[in-house]
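Undergrad: You'll find protein.pdb just under this line, and it carries PDB, C-alpha atoms and all ligand atoms.
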ATOM      1  CA  MET A   1      -5.445  11.528 -13.615  1.00  0.00           C
ATOM      2  CA  PHE A   2      -6.345   7.947 -12.778  1.00  0.00           C
ATOM      3  CA  ASN A   3      -5.462   7.096  -9.178  1.00  0.00           C
ATOM      4  CA  LEU A   4      -5.638   3.695  -7.526  1.00  0.00           C
ATOM      5  CA  ILE A   5      -5.057   2.456  -3.994  1.00  0.00           C
ATOM      6  CA  LEU A   6      -3.773  -1.081  -3.558  1.00  0.00           C
ATOM      7  CA  PHE A   7      -4.940  -2.016  -0.090  1.00  0.00           C
ATOM      8  CA  GLY A   8      -4.248  -5.041   2.088  1.00  0.00           C
ATOM      9  CA  PRO A   9      -2.439  -6.389   5.121  1.00  0.00           C
ATOM     10  CA  PRO A  10       1.337  -6.947   5.282  1.00  0.00           C
ATOM     11  CA  GLY A  11       2.305  -9.686   2.843  1.00  0.00           C
ATOM     12  CA  SER A  12      -0.925  -9.511   0.834  1.00  0.00           C
ATOM     13  CA  GLY A  13       1.020  -8.873  -2.371  1.00  0.00           C
ATOM     14  CA  LYS A  14       0.795  -5.078  -2.711  1.00  0.00           C
ATOM     15  CA  GLY A  15       4.384  -4.674  -3.890  1.00  0.00           C
ATOM     16  CA  THR A  16       4.248  -7.697  -6.198  1.00  0.00           C
ATOM     17  CA  GLN A  17       1.021  -6.643  -7.918  1.00  0.00           C
ATOM     18  CA  SER A  18       2.053  -2.956  -8.035  1.00  0.00           C
ATOM     19  CA  GLU A  19       4.907  -3.809 -10.393  1.00  0.00           C
ATOM     20  CA  LYS A  20       2.482  -5.394 -12.833  1.00  0.00           C
ATOM     21  CA  LEU A  21      -0.191  -2.703 -12.481  1.00  0.00           C
ATOM     22  CA  ILE A  22       2.133   0.244 -13.113  1.00  0.00           C
ATOM     23  CA  ALA A  23       3.435  -1.451 -16.266  1.00  0.00           C
ATOM     24  CA  LYS A  24      -0.069  -2.058 -17.634  1.00  0.00           C
ATOM     25  CA  TYR A  25      -1.678   1.259 -16.680  1.00  0.00           C
ATOM     26  CA  HIS A  26       1.389   3.565 -16.830  1.00  0.00           C
ATOM     27  CA  LEU A  27       0.954   4.830 -13.299  1.00  0.00           C
ATOM     28  CA  LYS A  28       3.548   6.242 -10.921  1.00  0.00           C
ATOM     29  CA  HIS A  29       4.090   3.800  -8.025  1.00  0.00           C
ATOM     30  CA  LEU A  30       4.095   5.440  -4.578  1.00  0.00           C
ATOM     31  CA  SER A  31       4.936   2.982  -1.797  1.00  0.00           C
ATOM     32  CA  THR A  32       5.465   4.680   1.566  1.00  0.00           C
ATOM     33  CA  GLY A  33       7.249   1.529   2.804  1.00  0.00           C
ATOM     34  CA  ASP A  34       9.710   1.700  -0.128  1.00  0.00           C
ATOM     35  CA  ILE A  35      10.290   5.442   0.409  1.00  0.00           C
ATOM     36  CA  LEU A  36      10.931   4.830   4.127  1.00  0.00           C
ATOM     37  CA  ARG A  37      13.367   1.988   3.343  1.00  0.00           C
ATOM     38  CA  SER A  38      15.248   4.264   0.923  1.00  0.00           C
ATOM     39  CA  GLU A  39      15.516   6.867   3.721  1.00  0.00           C
ATOM     40  CA  ILE A  40      16.896   4.126   6.020  1.00  0.00           C
ATOM     41  CA  ALA A  41      19.450   3.143   3.352  1.00  0.00           C
ATOM     42  CA  LYS A  42      20.544   6.819   3.133  1.00  0.00           C
ATOM     43  CA  LYS A  43      20.771   6.927   6.950  1.00  0.00           C
ATOM     44  CA  SER A  44      18.774  10.176   6.968  1.00  0.00           C
ATOM     45  CA  LYS A  45      17.366  11.460  10.265  1.00  0.00           C
ATOM     46  CA  LEU A  46      13.840  10.614   9.097  1.00  0.00           C
ATOM     47  CA  GLY A  47      14.962   7.109   8.102  1.00  0.00           C
ATOM     48  CA  LEU A  48      16.707   6.385  11.381  1.00  0.00           C
ATOM     49  CA  GLU A  49      13.687   7.571  13.396  1.00  0.00           C
ATOM     50  CA  ALA A  50      11.305   5.529  11.238  1.00  0.00           C
ATOM     51  CA  LYS A  51      13.462   2.391  11.488  1.00  0.00           C
ATOM     52  CA  LYS A  52      12.937   2.175  15.260  1.00  0.00           C
ATOM     53  CA  LEU A  53       9.165   1.942  14.726  1.00  0.00           C
ATOM     54  CA  MET A  54       9.302  -0.249  11.604  1.00  0.00           C
ATOM     55  CA  ASP A  55      11.509  -2.816  13.355  1.00  0.00           C
ATOM     56  CA  LYS A  56       8.820  -3.159  16.027  1.00  0.00           C
ATOM     57  CA  GLY A  57       6.093  -3.505  13.397  1.00  0.00           C
ATOM     58  CA  GLU A  58       4.484  -0.184  14.361  1.00  0.00           C
ATOM     59  CA  LEU A  59       3.269   2.553  12.035  1.00  0.00           C
ATOM     60  CA  VAL A  60       5.343   5.715  11.652  1.00  0.00           C
ATOM     61  CA  PRO A  61       3.560   9.022  12.471  1.00  0.00           C
ATOM     62  CA  ASP A  62       0.929  10.275  10.046  1.00  0.00           C
ATOM     63  CA  GLU A  63       2.667  13.630   9.460  1.00  0.00           C
ATOM     64  CA  VAL A  64       5.842  11.849   8.305  1.00  0.00           C
ATOM     65  CA  VAL A  65       4.163   9.771   5.601  1.00  0.00           C
ATOM     66  CA  ILE A  66       1.778  12.570   4.570  1.00  0.00           C
ATOM     67  CA  GLY A  67       4.812  14.819   4.041  1.00  0.00           C
ATOM     68  CA  MET A  68       6.439  12.136   1.879  1.00  0.00           C
ATOM     69  CA  ILE A  69       3.316  11.726  -0.257  1.00  0.00           C
ATOM     70  CA  ASN A  70       2.933  15.483  -0.638  1.00  0.00           C
ATOM     71  CA  ASP A  71       6.541  15.732  -1.880  1.00  0.00           C
ATOM     72  CA  ALA A  72       6.051  12.804  -4.265  1.00  0.00           C
ATOM     73  CA  LEU A  73       2.913  14.375  -5.774  1.00  0.00           C
ATOM     74  CA  GLU A  74       4.714  17.706  -6.209  1.00  0.00           C
ATOM     75  CA  ASN A  75       7.711  16.004  -7.830  1.00  0.00           C
ATOM     76  CA  ASN A  76       5.621  14.038 -10.330  1.00  0.00           C
ATOM     77  CA  LYS A  77       3.347  16.703 -11.775  1.00  0.00           C
ATOM     78  CA  SER A  78       3.262  15.114 -15.220  1.00  0.00           C
ATOM     79  CA  ALA A  79       2.177  11.664 -13.970  1.00  0.00           C
ATOM     80  CA  LYS A  80      -0.851  10.177 -15.698  1.00  0.00           C
ATOM     81  CA  GLY A  81      -1.957   8.807 -12.354  1.00  0.00           C
ATOM     82  CA  PHE A  82      -0.692   7.293  -9.127  1.00  0.00           C
ATOM     83  CA  LEU A  83      -0.785   3.846  -7.589  1.00  0.00           C
ATOM     84  CA  PHE A  84      -0.713   4.179  -3.811  1.00  0.00           C
ATOM     85  CA  ASP A  85       0.751   1.090  -2.093  1.00  0.00           C
ATOM     86  CA  GLY A  86       0.725   0.945   1.711  1.00  0.00           C
ATOM     87  CA  PHE A  87      -0.864   4.397   1.956  1.00  0.00           C
ATOM     88  CA  PRO A  88      -3.271   5.564   3.376  1.00  0.00           C
ATOM     89  CA  ARG A  89      -2.988   3.416   6.513  1.00  0.00           C
ATOM     90  CA  THR A  90      -5.029   5.529   8.947  1.00  0.00           C
ATOM     91  CA  GLU A  91      -8.193   7.588   8.639  1.00  0.00           C
ATOM     92  CA  VAL A  92      -6.149  10.782   9.071  1.00  0.00           C
ATOM     93  CA  GLN A  93      -3.971   9.751   6.101  1.00  0.00           C
ATOM     94  CA  ALA A  94      -7.053   8.987   3.972  1.00  0.00           C
ATOM     95  CA  ALA A  95      -8.612  12.393   4.711  1.00  0.00           C
ATOM     96  CA  GLU A  96      -5.313  14.150   3.904  1.00  0.00           C
ATOM     97  CA  LEU A  97      -4.928  12.221   0.655  1.00  0.00           C
ATOM     98  CA  ASP A  98      -8.406  13.340  -0.429  1.00  0.00           C
ATOM     99  CA  LYS A  99      -7.409  16.955   0.261  1.00  0.00           C
ATOM    100  CA  LEU A 100      -4.083  16.691  -1.567  1.00  0.00           C
ATOM    101  CA  LEU A 101      -5.748  15.162  -4.635  1.00  0.00           C
ATOM    102  CA  ALA A 102      -8.649  17.638  -4.542  1.00  0.00           C
ATOM    103  CA  GLY A 103      -6.018  20.397  -4.662  1.00  0.00           C
ATOM    104  CA  LYS A 104      -4.972  18.857  -7.983  1.00  0.00           C
ATOM    105  CA  LYS A 105      -8.598  18.594  -9.165  1.00  0.00           C
ATOM    106  CA  SER A 106      -8.320  14.832  -8.862  1.00  0.00           C
ATOM    107  CA  SER A 107      -9.488  11.978  -6.639  1.00  0.00           C
ATOM    108  CA  ILE A 108      -9.187   8.238  -5.980  1.00  0.00           C
ATOM    109  CA  ALA A 109     -10.914   6.212  -8.699  1.00  0.00           C
ATOM    110  CA  LEU A 110     -10.787   2.800  -7.041  1.00  0.00           C
ATOM    111  CA  VAL A 111      -9.493   0.977  -3.958  1.00  0.00           C
ATOM    112  CA  LEU A 112      -8.444  -2.606  -4.642  1.00  0.00           C
ATOM    113  CA  ALA A 113      -8.601  -4.462  -1.323  1.00  0.00           C
ATOM    114  CA  MET A 114      -6.761  -7.784  -1.329  1.00  0.00           C
ATOM    115  CA  ASN A 115      -7.968 -10.439   1.105  1.00  0.00           C
ATOM    116  CA  VAL A 116      -5.462 -13.033   2.301  1.00  0.00           C
ATOM    117  CA  SER A 117      -5.754 -15.299   5.343  1.00  0.00           C
ATOM    118  CA  GLU A 118      -3.500 -14.593   8.309  1.00  0.00           C
ATOM    119  CA  LYS A 119      -1.934 -18.048   8.012  1.00  0.00           C
ATOM    120  CA  GLU A 120      -0.890 -17.353   4.397  1.00  0.00           C
ATOM    121  CA  LEU A 121       0.412 -13.832   5.267  1.00  0.00           C
ATOM    122  CA  ILE A 122       2.673 -15.219   7.999  1.00  0.00           C
ATOM    123  CA  LYS A 123       3.883 -18.034   5.727  1.00  0.00           C
ATOM    124  CA  ARG A 124       4.783 -15.600   2.911  1.00  0.00           C
ATOM    125  CA  LEU A 125       6.562 -13.120   5.168  1.00  0.00           C
ATOM    126  CA  LEU A 126       8.555 -15.730   7.089  1.00  0.00           C
ATOM    127  CA  LYS A 127       9.639 -17.211   3.762  1.00  0.00           C
ATOM    128  CA  ARG A 128      10.785 -13.809   2.474  1.00  0.00           C
ATOM    129  CA  GLY A 129      12.506 -13.175   5.820  1.00  0.00           C
ATOM    130  CA  GLU A 130      14.790 -16.161   5.233  1.00  0.00           C
ATOM    131  CA  ALA A 131      16.244 -14.645   2.092  1.00  0.00           C
ATOM    132  CA  SER A 132      15.681 -10.861   1.953  1.00  0.00           C
ATOM    133  CA  GLY A 133      17.219  -8.356   4.276  1.00  0.00           C
ATOM    134  CA  ARG A 134      13.931  -6.836   5.477  1.00  0.00           C
ATOM    135  CA  SER A 135      14.388  -6.632   9.228  1.00  0.00           C
ATOM    136  CA  ASP A 136      10.630  -6.490   9.845  1.00  0.00           C
ATOM    137  CA  ASP A 137      10.252  -9.972   8.272  1.00  0.00           C
ATOM    138  CA  ALA A 138      12.860 -11.447  10.591  1.00  0.00           C
ATOM    139  CA  ASN A 139      10.628 -13.013  13.209  1.00  0.00           C
ATOM    140  CA  GLU A 140       7.037 -14.043  13.676  1.00  0.00           C
ATOM    141  CA  GLU A 141       6.513 -11.681  16.607  1.00  0.00           C
ATOM    142  CA  VAL A 142       7.221  -8.588  14.488  1.00  0.00           C
ATOM    143  CA  ILE A 143       5.128  -9.961  11.617  1.00  0.00           C
ATOM    144  CA  LYS A 144       2.216 -10.461  14.024  1.00  0.00           C
ATOM    145  CA  ALA A 145       2.688  -6.917  15.371  1.00  0.00           C
ATOM    146  CA  ARG A 146       2.432  -5.571  11.783  1.00  0.00           C
ATOM    147  CA  ILE A 147      -0.754  -7.562  11.212  1.00  0.00           C
ATOM    148  CA  GLY A 148      -2.041  -6.277  14.590  1.00  0.00           C
ATOM    149  CA  GLU A 149      -1.442  -2.645  13.538  1.00  0.00           C
ATOM    150  CA  TYR A 150      -3.340  -3.374  10.325  1.00  0.00           C
ATOM    151  CA  HIS A 151      -6.397  -4.615  12.251  1.00  0.00           C
ATOM    152  CA  LYS A 152      -6.217  -1.830  14.819  1.00  0.00           C
ATOM    153  CA  LYS A 153      -5.556   1.216  12.616  1.00  0.00           C
ATOM    154  CA  THR A 154      -5.721   0.403   8.911  1.00  0.00           C
ATOM    155  CA  GLN A 155      -8.597  -1.937   8.130  1.00  0.00           C
ATOM    156  CA  SER A 156     -11.188   0.710   9.068  1.00  0.00           C
ATOM    157  CA  VAL A 157      -9.799   3.002   6.336  1.00  0.00           C
ATOM    158  CA  LEU A 158     -11.817   0.877   3.904  1.00  0.00           C
ATOM    159  CA  LYS A 159     -15.050   2.305   5.369  1.00  0.00           C
ATOM    160  CA  HIS A 160     -13.933   5.769   4.255  1.00  0.00           C
ATOM    161  CA  TYR A 161     -13.953   4.540   0.650  1.00  0.00           C
ATOM    162  CA  GLN A 162     -16.895   2.158   0.987  1.00  0.00           C
ATOM    163  CA  LYS A 163     -19.084   5.185   1.740  1.00  0.00           C
ATOM    164  CA  GLU A 164     -18.071   6.461  -1.697  1.00  0.00           C
ATOM    165  CA  LYS A 165     -18.601   3.025  -3.296  1.00  0.00           C
ATOM    166  CA  LYS A 166     -14.984   2.912  -4.406  1.00  0.00           C
ATOM    167  CA  VAL A 167     -13.899  -0.448  -2.979  1.00  0.00           C
ATOM    168  CA  ALA A 168     -13.409  -3.658  -4.962  1.00  0.00           C
ATOM    169  CA  GLU A 169     -12.657  -6.701  -2.789  1.00  0.00           C
ATOM    170  CA  ILE A 170     -10.167  -9.052  -4.444  1.00  0.00           C
ATOM    171  CA  GLU A 171      -9.373 -12.635  -3.477  1.00  0.00           C
ATOM    172  CA  GLY A 172      -5.633 -12.344  -2.811  1.00  0.00           C
ATOM    173  CA  GLU A 173      -4.675 -16.027  -2.730  1.00  0.00           C
ATOM    174  CA  GLY A 174      -3.718 -18.012  -5.801  1.00  0.00           C
ATOM    175  CA  SER A 175      -1.004 -17.492  -8.392  1.00  0.00           C
ATOM    176  CA  ILE A 176       0.418 -14.003  -8.954  1.00  0.00           C
ATOM    177  CA  ASP A 177      -1.013 -14.003 -12.496  1.00  0.00           C
ATOM    178  CA  GLU A 178      -4.468 -15.118 -11.379  1.00  0.00           C
ATOM    179  CA  ILE A 179      -4.600 -12.322  -8.823  1.00  0.00           C
ATOM    180  CA  PHE A 180      -3.414  -9.807 -11.411  1.00  0.00           C
ATOM    181  CA  GLN A 181      -6.260 -10.881 -13.738  1.00  0.00           C
ATOM    182  CA  ARG A 182      -8.749 -10.284 -10.895  1.00  0.00           C
ATOM    183  CA  LEU A 183      -7.319  -6.818 -10.287  1.00  0.00           C
ATOM    184  CA  ALA A 184      -7.398  -5.954 -13.999  1.00  0.00           C
ATOM    185  CA  LYS A 185     -11.021  -7.104 -14.244  1.00  0.00           C
ATOM    186  CA  ALA A 186     -12.045  -4.839 -11.353  1.00  0.00           C
ATOM    187  CA  ILE A 187     -10.148  -1.921 -12.913  1.00  0.00           C
ATOM    188  CA  SER A 188     -11.807  -2.492 -16.305  1.00  0.00           C
ATOM    189  CA  LYS A 189     -15.167  -1.643 -14.694  1.00  0.00           C
ATOM    190  CA  VAL A 190     -14.062   1.925 -13.931  1.00  0.00           C
ATOM    191  CA  TYR A 191     -11.337   2.571 -16.492  1.00  0.00           C
ATOM    192  CA  LYS A 192     -11.461   2.129 -20.236  1.00  0.00           C
ATOM    193  CA  GLU A 193      -8.062   1.788 -21.862  1.00  0.00           C
ATOM    194  CA  LYS A 194      -7.581   3.944 -24.939  1.00  0.00           C
TER     195      LYS A 194
HETATM  196  P1  LIG B 201       5.285  -1.690   3.885  1.00  0.00           P
HETATM  197  O1  LIG B 201       6.542  -1.645   3.182  1.00  0.00           O
HETATM  198  O2  LIG B 201       4.091  -1.064   3.276  1.00  0.00           O
HETATM  199  O3  LIG B 201       5.023  -3.205   4.236  1.00  0.00           O
HETATM  200  P2  LIG B 201       3.731  -4.062   4.594  1.00  0.00           P
HETATM  201  O4  LIG B 201       2.432  -3.422   4.375  1.00  0.00           O
HETATM  202  O5  LIG B 201       4.000  -4.602   5.958  1.00  0.00           O
HETATM  203  O6  LIG B 201       3.720  -5.194   3.583  1.00  0.00           O
HETATM  204  P3  LIG B 201       4.809  -5.819   2.650  1.00  0.00           P
HETATM  205  O7  LIG B 201       5.459  -4.798   1.820  1.00  0.00           O
HETATM  206  O8  LIG B 201       5.676  -6.702   3.487  1.00  0.00           O
HETATM  207  O9  LIG B 201       3.873  -6.780   1.818  1.00  0.00           O
HETATM  208  P4  LIG B 201       3.105  -6.521   0.444  1.00  0.00           P
HETATM  209  O10 LIG B 201       1.648  -6.461   0.684  1.00  0.00           O
HETATM  210  O11 LIG B 201       3.747  -5.445  -0.342  1.00  0.00           O
HETATM  211  O12 LIG B 201       3.389  -7.911  -0.228  1.00  0.00           O
HETATM  212  P5  LIG B 201       4.580  -8.343  -1.215  1.00  0.00           P
HETATM  213  O13 LIG B 201       4.185  -8.142  -2.622  1.00  0.00           O
HETATM  214  O14 LIG B 201       5.851  -7.748  -0.756  1.00  0.00           O
HETATM  215  O15 LIG B 201       5.443  -1.042   5.346  1.00  0.00           O
HETATM  216  C1  LIG B 201       6.545  -1.372   6.157  1.00  0.00           C
HETATM  217  C2  LIG B 201       6.516  -0.503   7.405  1.00  0.00           C
HETATM  218  O16 LIG B 201       6.697   0.875   7.040  1.00  0.00           O
HETATM  219  C3  LIG B 201       5.220  -0.519   8.223  1.00  0.00           C
HETATM  220  O17 LIG B 201       5.195  -1.575   9.151  1.00  0.00           O
HETATM  221  C4  LIG B 201       5.272   0.852   8.902  1.00  0.00           C
HETATM  222  O18 LIG B 201       6.150   0.841  10.002  1.00  0.00           O
HETATM  223  C5  LIG B 201       5.891   1.736   7.823  1.00  0.00           C
HETATM  224  N1  LIG B 201       4.887   2.368   6.957  1.00  0.00           N
HETATM  225  C6  LIG B 201       4.738   2.190   5.610  1.00  0.00           C
HETATM  226  N2  LIG B 201       3.711   2.919   5.131  1.00  0.00           N
HETATM  227  C7  LIG B 201       3.186   3.581   6.196  1.00  0.00           C
HETATM  228  C8  LIG B 201       2.078   4.466   6.339  1.00  0.00           C
HETATM  229  N3  LIG B 201       1.319   4.818   5.293  1.00  0.00           N
HETATM  230  N4  LIG B 201       1.819   4.952   7.581  1.00  0.00           N
HETATM  231  C9  LIG B 201       2.588   4.607   8.657  1.00  0.00           C
HETATM  232  N5  LIG B 201       3.630   3.758   8.586  1.00  0.00           N
HETATM  233  C10 LIG B 201       3.936   3.238   7.368  1.00  0.00           C
HETATM  234  O19 LIG B 201       4.580  -9.922  -0.963  1.00  0.00           O
HETATM  235  C11 LIG B 201       5.042 -10.474   0.265  1.00  0.00           C
HETATM  236  C12 LIG B 201       5.765 -11.789  -0.046  1.00  0.00           C
HETATM  237  O20 LIG B 201       4.814 -12.726  -0.570  1.00  0.00           O
HETATM  238  C13 LIG B 201       6.871 -11.667  -1.086  1.00  0.00           C
HETATM  239  O21 LIG B 201       7.931 -12.499  -0.759  1.00  0.00           O
HETATM  240  C14 LIG B 201       6.189 -12.130  -2.389  1.00  0.00           C
HETATM  241  O22 LIG B 201       7.088 -12.691  -3.291  1.00  0.00           O
HETATM  242  C15 LIG B 201       5.200 -13.156  -1.864  1.00  0.00           C
HETATM  243  N6  LIG B 201       3.971 -13.245  -2.684  1.00  0.00           N
HETATM  244  C16 LIG B 201       3.323 -12.216  -3.281  1.00  0.00           C
HETATM  245  N7  LIG B 201       2.224 -12.689  -3.934  1.00  0.00           N
HETATM  246  C17 LIG B 201       2.187 -14.023  -3.714  1.00  0.00           C
HETATM  247  C18 LIG B 201       1.295 -15.061  -4.125  1.00  0.00           C
HETATM  248  N8  LIG B 201       0.221 -14.796  -4.890  1.00  0.00           N
HETATM  249  N9  LIG B 201       1.548 -16.322  -3.713  1.00  0.00           N
HETATM  250  C19 LIG B 201       2.627 -16.586  -2.942  1.00  0.00           C
HETATM  251  N10 LIG B 201       3.526 -15.660  -2.520  1.00  0.00           N
HETATM  252  C20 LIG B 201       3.307 -14.389  -2.911  1.00  0.00           C
HETATM  253 MG    MG B 202       5.117  -3.880   0.098  1.00  0.00          MG
END
Once more with this new file: its structure as structure tokens, please.
TA:
Amino acid sequence: MFNLILFGPPGSGKGTQSEKLIAKYHLKHLSTGDILRSEIAKKSKLGLEAKKLMDKGELVPDEVVIGMINDALENNKSAKGFLFDGFPRTEVQAAELDKLLAGKKSSIALVLAMNVSEKELIKRLLKRGEASGRSDDANEEVIKARIGEYHKKTQSVLKHYQKEKKVAEIEGEGSIDEIFQRLAKAISKVYKEK
């Protein structure tokens, strides 16, 4: 298995670049944000509980997202590899992911960490908020709360992978294609396409 983590603050382009990466490398895309939004759309108990936190820009509890990832790994046993988007977001989640993958005799190959200035993140998310229905893009206060959670709880997750020399820092501003080329170049250093 070849497993990647696409890492970065809200609005850094994780979802956008994931679409291109899964097509090129034939990976299964696992976005905890997308799974949570599909639970909200279904009006499940989990979704309705999560929505209260997501609308405030706060993280949902670790055990909720770890359970979702565990289910997704179990349900995709034939996957060639996984692209984790928006997960892990805390050190507890990172440690659990290592354990889940070790149980499958696998591990994370590379963490692609996209760097985007706060000004650009807010600009992108406010722009999307005008058109899309994502309630957590609706106002600047919630966007800033999401960025705050990232600095408080998520950014330090990188250290977990830096210790293992698995992090590639990627300049996340520029055109979508330029950024994709930077990601592909970093991947080519650890993964040879057959
Ligand atoms: P999640 O869905 O993961 O959202 P997020 O991290 O806040 O970030 P986004 O999905 O908004 O941004 P993105 O980085 O994917 O960028 P995108 O490509 O969309 O999480 C939502 C919530 O769910 C969390 O707040 C939390 O409550 C909960 N949650 C999820 N996972 C969790 C976890 N593991 N633990 C606990 N809670 C969890 O791009 C953004 C915009 O910019 C788009 O409009 C796009 O078109 C545009 N754009 C992209 N690239 C460019 C570019 N190069 N130039 C200009 N515009 C661009
Ligand atoms: Mg996203």
Undergrad: Can you list, as a VMD selection string, the residues that the PyMOL selection byres (((chain A and resi 6) around 6) and not hetatm) selects here?
TA: chain A and resid 5 7 85 112
Undergrad: Any idea what's packed within 9 Å of Ala168 in chain A, counting only C-alpha atoms, ignoring anything in its chain fewer than 2 positions away? Could you give it as a CSV table (one decimal) with C-alpha atoms, keeping the file's coordinate frame?
TA:
chain,number,residue,atom,x,y,z
A,110,LEU,CA,-10.8,2.8,-7.0
A,111,VAL,CA,-9.5,1.0,-4.0
A,112,LEU,CA,-8.4,-2.6,-4.6
A,113,ALA,CA,-8.6,-4.5,-1.3
A,114,MET,CA,-6.8,-7.8,-1.3
A,165,LYS,CA,-18.6,3.0,-3.3
A,166,LYS,CA,-15.0,2.9,-4.4
A,170,ILE,CA,-10.2,-9.1,-4.4
A,183,LEU,CA,-7.3,-6.8,-10.3
A,186,ALA,CA,-12.0,-4.8,-11.4
A,187,ILE,CA,-10.1,-1.9,-12.9
Undergrad: Can you turn the PyMOL selection byres (((chain A and resi 122-127) around 8) and not hetatm) into a concrete residue list for this file, as a list in words?
TA: Gly11, Glu118, Lys119, Glu120, Leu121, Arg128, Gly129, Glu130, Ala131, Asp137, Ala138, Asn139, Glu140, Ile143 and Lys144 of chain A
Undergrad: Save out the residues we just selected, C-alpha atoms, as a short mmCIF file (atom, residue, chain, number, x, y, z; two decimals), in the coordinates of the input.
TA:
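part_10.cif, freshly written:
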data_model
loop_
_atom_site.label_atom_id
_atom_site.label_comp_id
_atom_site.auth_asym_id
_atom_site.auth_seq_id
_atom_site.Cartn_x
_atom_site.Cartn_y
_atom_site.Cartn_z
CA GLY A 11 2.31 -9.69 2.84
CA GLU A 118 -3.50 -14.59 8.31
CA LYS A 119 -1.93 -18.05 8.01
CA GLU A 120 -0.89 -17.35 4.40
CA LEU A 121 0.41 -13.83 5.27
CA ARG A 128 10.78 -13.81 2.47
CA GLY A 129 12.51 -13.18 5.82
CA GLU A 130 14.79 -16.16 5.23
CA ALA A 131 16.24 -14.64 2.09
CA ASP A 137 10.25 -9.97 8.27
CA ALA A 138 12.86 -11.45 10.59
CA ASN A 139 10.63 -13.01 13.21
CA GLU A 140 7.04 -14.04 13.68
CA ILE A 143 5.13 -9.96 11.62
CA LYS A 144 2.22 -10.46 14.02
#
Undergrad: Neighbours of ligand LIG 201 (chain B) within 6 Å, counting all atoms listed in the file, as an MDAnalysis selection string?
TA: chainID A and resid 9:16 32:34 53:54 57:62 65 86:89 124:125 128 146 173:176
Undergrad: Pick the closest to ligand MG 202 (chain B) from A:Lys24, A:Phe84, A:Asp177, A:Lys52: which is it, counting all atoms listed in the file?
TA: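 Closest to ligand MG 202 (chain B), using all atoms listed in the file: A:Phe84.
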Undergrad: I need the output of the PyMOL selection byres (((chain A and resi 36) around 9) and not hetatm) for this file as a PyMOL selection string; which residues are they?
TA: chain A and resi 31-35+37-41+46-47+50-51+65+68
Undergrad: Near range 79-83 of chain A, counting all atoms listed in the file, which residues have an atom at most 6 Å away, once you skip same-chain residues fewer than 2 positions from it, shown as a PyMOL selection string?
TA: chain A and resi 1-5+27-30+76-77
Undergrad: Which is closer to ligand MG 202 (chain B) than all the others in A:Lys99, A:Arg134, A:Asn75, A:Glu164, using only C-alpha atoms and all ligand atoms?
TA: A:Arg134
Undergrad: Given the choices A:Gly172, A:Leu73, A:Val64, A:Gln17, which gets closest to ligand MG 202 (chain B) if the distance is worked out from all atoms listed in the file?
TA: A:Gln17
Undergrad: Using all atoms listed in the file, find the one residue out of A:Val167, A:Val116, A:Ile69, A:Ser78 that sits nearest to Leu101 in chain A.
TA: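 Of A:Val167, A:Val116, A:Ile69, A:Ser78, the one nearest Leu101 in chain A is A:Ile69, counting all atoms listed in the file.
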Undergrad: Contacts of Lys56 in chain A at 8 Å or less, counting all atoms listed in the file, minus same-chain residues fewer than 5 places along, as a PyMOL selection string?
TA: chain A and resi 136+142+145
Undergrad: Edge lengths and centre, in Å to one decimal, as JSON: that's what I need for the box along x, y and z that holds all listed atoms of range 172-176 of chain A plus 3 Å on each side.
TA:
{"center_x": -2.6, "center_y": -15.2, "center_z": -5.8, "size_x": 12.1, "size_y": 11.7, "size_z": 12.2}
Undergrad: What does the distance between CA of Phe180 in chain A and CA of Glu96 in chain A come to in Å, to one decimal place?
TA: 28.5 Å
Undergrad: For a quick check of understanding, using all atoms listed in the file, which of A:Lys42, A:Arg182, A:Ser18, A:Gly148 has the smallest distance to ligand MG 202 (chain B)?
TA: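 Among the listed residues, A:Ser18 lies closest to ligand MG 202 (chain B).
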Undergrad: Which residue is closest to ligand MG 202 (chain B)? Choose from A:Ser156, A:Ile179, A:Lys105, A:Gly8 and count only C-alpha atoms and all ligand atoms.
TA: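 Looking at the shortest contact to ligand MG 202 (chain B), the residue is A:Gly8.
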Undergrad: One decimal, in Å: what's the spacing between CA of Glu171 in chain A and CA of Tyr150 in chain A?
TA: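 Answer for the CA of Glu171 in chain A to CA of Tyr150 in chain A separation: 17.7 Å.
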Undergrad: One decimal, in Å: what's the spacing between CA of Lys153 in chain A and CA of Val92 in chain A?
TA: 10.2 Å
